[in-house]
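Only one structure is covered here, and it is reproduced in the block below.
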Amino acid sequence: MVERCKACGFCVEFCPTKVLALSSAFNSKGYHPPHVVNPEKCSGCDLCGMYCPDFAIYGYKLPNAAPQKGVPDEG
Amino acid sequence: MSDFTNPVEPFLRTDRMPHIWCPGCGIGTTVNCFARALIESKIDLESLALVSGIGCTGRVAGYVKLDSFHTTHGRAIPFATGLKLANPKLNVVVYSGDGDLSAIGGNHLIHAARRNIDLKVICVNNLIYAMTGGQTAPTTPSHAITSTSPYGSCEPAFNLPHLVEAAGAVYVARWTTFHVRQLARSIAEAFNKKGFSFIEVISPCPTLFQRRNKLGDGLDTMKYYKEKSKVKHGAPTSEVGMTMTGEIIVGKFVDRDRPDYQTMARAQLAESLGDRFVEQAEMVCS
Ligand SMILES: Cc1ncc(C[n+]2csc(CCOP(=O)(O)OP(=O)(O)O)c2C)c(N)n1
Ligand code: SF4
Ligand code: SF4
Ligand code: SF4
Ligand SMILES: [Mg+2]
């Protein structure tokens, strides 16, 4: 849901393991959505999902797999 | 992505997204917490009604895929009271702004607390009337610059937890939008409580409050919440008043039991009518 992102930075700032960073790419509204810079560090805790005021990102745990997360363009 | 969805998604009217809230506004974050609380408390969504007044926060009623009502300004609580009295099996949530609930709706707030009407009130407090351009609200801290106090507000602000505790609320908590897990837990807890529950959420309005007061954007405000909040469960509510940039006391302040309005009404009728009082099996409109 990269199009919903308004680049507030909450997810980037409050991800406990600093998985995310705002990217240099633009969405169609001109905001820079986050992208994953440290995928191996994601625990799937979904704090990013709880913080995101625009319902644009969330995290999840893959069953029987290394932790992964939902990124804005996957939601 | 297929099998995974954002937990909030099933609770949203997705056709209305993107929402109108500004970048860095905290209202959407509170909605995430509310959705998590609904999941955690396993509440039957068919039994749930959500009532909002008018304001940026009032928009929640239009964005959630629940039985929701966007009522007139200040009248969310009386509307919700009517719903609850007519259909006591409903779980009724009031989701509105500080101005809606404590200014124009202030009398309804204190009397619903006094009567202990079984309502769950979520008050998003951004310290201002946001939707109408950032006027001073009863919750605006002294000295704050607003559109109606360009030289700083000279008024003392309401301390909402203190107000509703004094009026009779059985559950009173305050969190900020930084405290997402705690807020979700408090909302879930309020669902298990019978009586008037009040949860205040301090939330950024970067567009109208923070900008005028040179307090940065939404993220700066979230960092301030993180840095300056102190969790003090059971803190005396007389001591939790807010200032512009000072400490924010958060936590669960009040959790007590007393008969709710409908229990008291039944008891009064039974006492006055004696044998003539007939308990209705179902007091439900269909
Ligand atoms: C009877 C009436 N008076 C005034 C208004 C204008 N009005 C709309 S929203 C609002 C204040 C909203 O403040 P708050 O409840 O704090 O919500 P916020 O926008 O800050 O979330 C006012 C005064 C109105 N809609 N109806
Ligand atoms: S994904 Fe959400 S929390 Fe992250 S920057 Fe975008 S709007 Fe903000
Ligand atoms: S789910 Fe992953 S990206 Fe999201 S906050 Fe948790 S660790 Fe960070
Ligand atoms: S004006 Fe303030 S409260 Fe309203 S949507 Fe914008 S940031 Fe949120
Ligand atoms: Mg407000």
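Residue numbers start at 1 in each chain; chains themselves are named A, B, ... in the order of the structure tokens; ligands are numbered from 1 in the order shown.
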
What residues in chain B have any atom no more than 7 Å from chain A when counting only C-alpha atoms, and can you write them as a VMD selection string? chain B and resid 1 5 to 6 18 23 to 29 32 to 33 180 218 to 219

Once you count only C-alpha atoms and all ligand atoms, which residues end up within 6 Å of ligand 1, and could you hand them over as a ChimeraX atom specification? /B:54-57,73,97-100,126,128-132

Quick one: distance from CA of Asp260 in chain B to CA of Ile104 in chain B in Å, one decimal? 24.5 Å

Would you give me, as a PyMOL selection string, the residues in range 131-286 of chain B that DSSP reads as helix (DSSP H, G or I)? chain B and resi 160-167+180-191+206-210+218-228+237-239+261-276

In range 2-251 of chain B, DSSP strand (DSSP E or B) residues written as a PyMOL selection string: chain B and resi 12+48-52+64+67-70+91-97+119-125+129+135+146+149+171-176+197-202+229-231+248-251

Using only C-alpha atoms, which residues sit within 8 Å of range 189-196 of chain B once same-chain residues fewer than 2 positions away are excluded, as a PDB file with C-alpha atoms, in the first residue's frame?
```pdb
ATOM      1  CA  SER B  41     -10.853  -8.848  23.127  1.00  0.00           C
ATOM      2  CA  ASN B  91     -21.134  -2.508  23.223  1.00  0.00           C
ATOM      3  CA  ALA B 112     -22.627  10.317  31.496  1.00  0.00           C
ATOM      4  CA  ALA B 113     -19.743   9.708  33.910  1.00  0.00           C
ATOM      5  CA  ASN B 116     -22.088   5.648  34.966  1.00  0.00           C
ATOM      6  CA  ILE B 117     -23.562   4.914  31.565  1.00  0.00           C
ATOM      7  CA  ASP B 118     -21.859   1.810  30.173  1.00  0.00           C
ATOM      8  CA  LEU B 119     -19.910   3.541  27.367  1.00  0.00           C
ATOM      9  CA  LYS B 120     -16.293   3.205  26.258  1.00  0.00           C
ATOM     10  CA  VAL B 121     -15.065   6.681  25.424  1.00  0.00           C
ATOM     11  CA  GLY B 168     -17.673   9.203  38.440  1.00  0.00           C
ATOM     12  CA  ALA B 169     -15.946   7.250  35.645  1.00  0.00           C
ATOM     13  CA  VAL B 170     -15.021   3.690  36.631  1.00  0.00           C
ATOM     14  CA  TYR B 171     -12.057   3.346  34.273  1.00  0.00           C
ATOM     15  CA  ARG B 185      -4.422  -3.111  25.936  1.00  0.00           C
ATOM     16  CA  SER B 186      -6.329  -0.337  27.712  1.00  0.00           C
ATOM     17  CA  ILE B 187      -9.064  -0.323  25.088  1.00  0.00           C
ATOM     18  CA  PHE B 198     -12.573   6.991  29.488  1.00  0.00           C
ATOM     19  CA  ASP B 257     -16.531  -0.699  40.287  1.00  0.00           C
ATOM     20  CA  ARG B 258     -19.893   0.829  40.966  1.00  0.00           C
ATOM     21  CA  PRO B 259     -23.327  -0.014  39.588  1.00  0.00           C
ATOM     22  CA  ASP B 260     -23.938   1.265  36.093  1.00  0.00           C
ATOM     23  CA  TYR B 261     -26.967   3.345  35.142  1.00  0.00           C
TER      24      TYR B 261
END
```

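CA of Arg181 in chain B is positioned 16.1 Å from CA of Ser43 in chain A.
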
Taking 3 positions as the minimum chain separation for residues in the same chain, which residues sit within 7 Å of Pro33 in chain A when counting only C-alpha atoms? Answer as a CSV table (one decimal) with C-alpha atoms, in the first residue's frame.
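Saved result, out_10.csv, follows:
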```csv
chain,number,residue,atom,x,y,z
A,2,VAL,CA,2.8,2.3,-0.9
A,5,CYS,CA,2.1,6.4,2.7
A,7,ALA,CA,6.2,9.7,4.7
A,22,LEU,CA,12.6,6.3,3.8
A,23,SER,CA,13.5,5.7,0.2
A,26,PHE,CA,8.3,8.8,-4.9
A,27,ASN,CA,4.7,7.5,-4.7
```

Contact residues around His162 in chain B with only C-alpha atoms at 10 Å, ignoring same-chain residues under 3 positions, as JSON, numbers by chain: {"B": [158, 159, 165, 166, 167, 169, 172, 236, 237, 238, 239, 240, 241, 253, 254]}

How would the residues just chosen look if you wrote them out with C-alpha atoms as a PDB file, in the first residue's frame?
```
ATOM      1  CA  PHE B 158      -8.969  20.958  31.625  1.00  0.00           C
ATOM      2  CA  ASN B 159      -7.199  17.934  33.037  1.00  0.00           C
ATOM      3  CA  GLU B 165     -12.776  10.672  37.691  1.00  0.00           C
ATOM      4  CA  ALA B 166     -14.405  13.360  39.818  1.00  0.00           C
ATOM      5  CA  ALA B 167     -17.604  12.958  37.828  1.00  0.00           C
ATOM      6  CA  ALA B 169     -15.946   7.250  35.645  1.00  0.00           C
ATOM      7  CA  VAL B 172      -9.689   6.163  33.352  1.00  0.00           C
ATOM      8  CA  PRO B 236      -3.693  10.733  41.494  1.00  0.00           C
ATOM      9  CA  THR B 237      -5.500  12.339  38.572  1.00  0.00           C
ATOM     10  CA  SER B 238      -5.200  15.767  40.221  1.00  0.00           C
ATOM     11  CA  GLU B 239      -1.501  15.506  39.423  1.00  0.00           C
ATOM     12  CA  VAL B 240      -1.641  14.549  35.749  1.00  0.00           C
ATOM     13  CA  GLY B 241      -2.386  17.949  34.187  1.00  0.00           C
ATOM     14  CA  PHE B 253      -5.308   5.976  36.740  1.00  0.00           C
ATOM     15  CA  VAL B 254      -8.691   4.635  37.805  1.00  0.00           C
TER      16      VAL B 254
END
```

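Among B:Ala49, B:Pro204, B:Glu9, B:Ala61, the residue with the shortest atom-to-atom distance to ligand 5, counting only C-alpha atoms and all ligand atoms, is B:Pro204.
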
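For the pair CA of Leu269 in chain B and CA of Val51 in chain B, the interatomic distance is 29.2 Å.
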
Which is closer to ligand 4 than all the others in B:Tyr224, B:Trp21, B:Phe69, B:Phe4, using only C-alpha atoms and all ligand atoms? B:Trp21
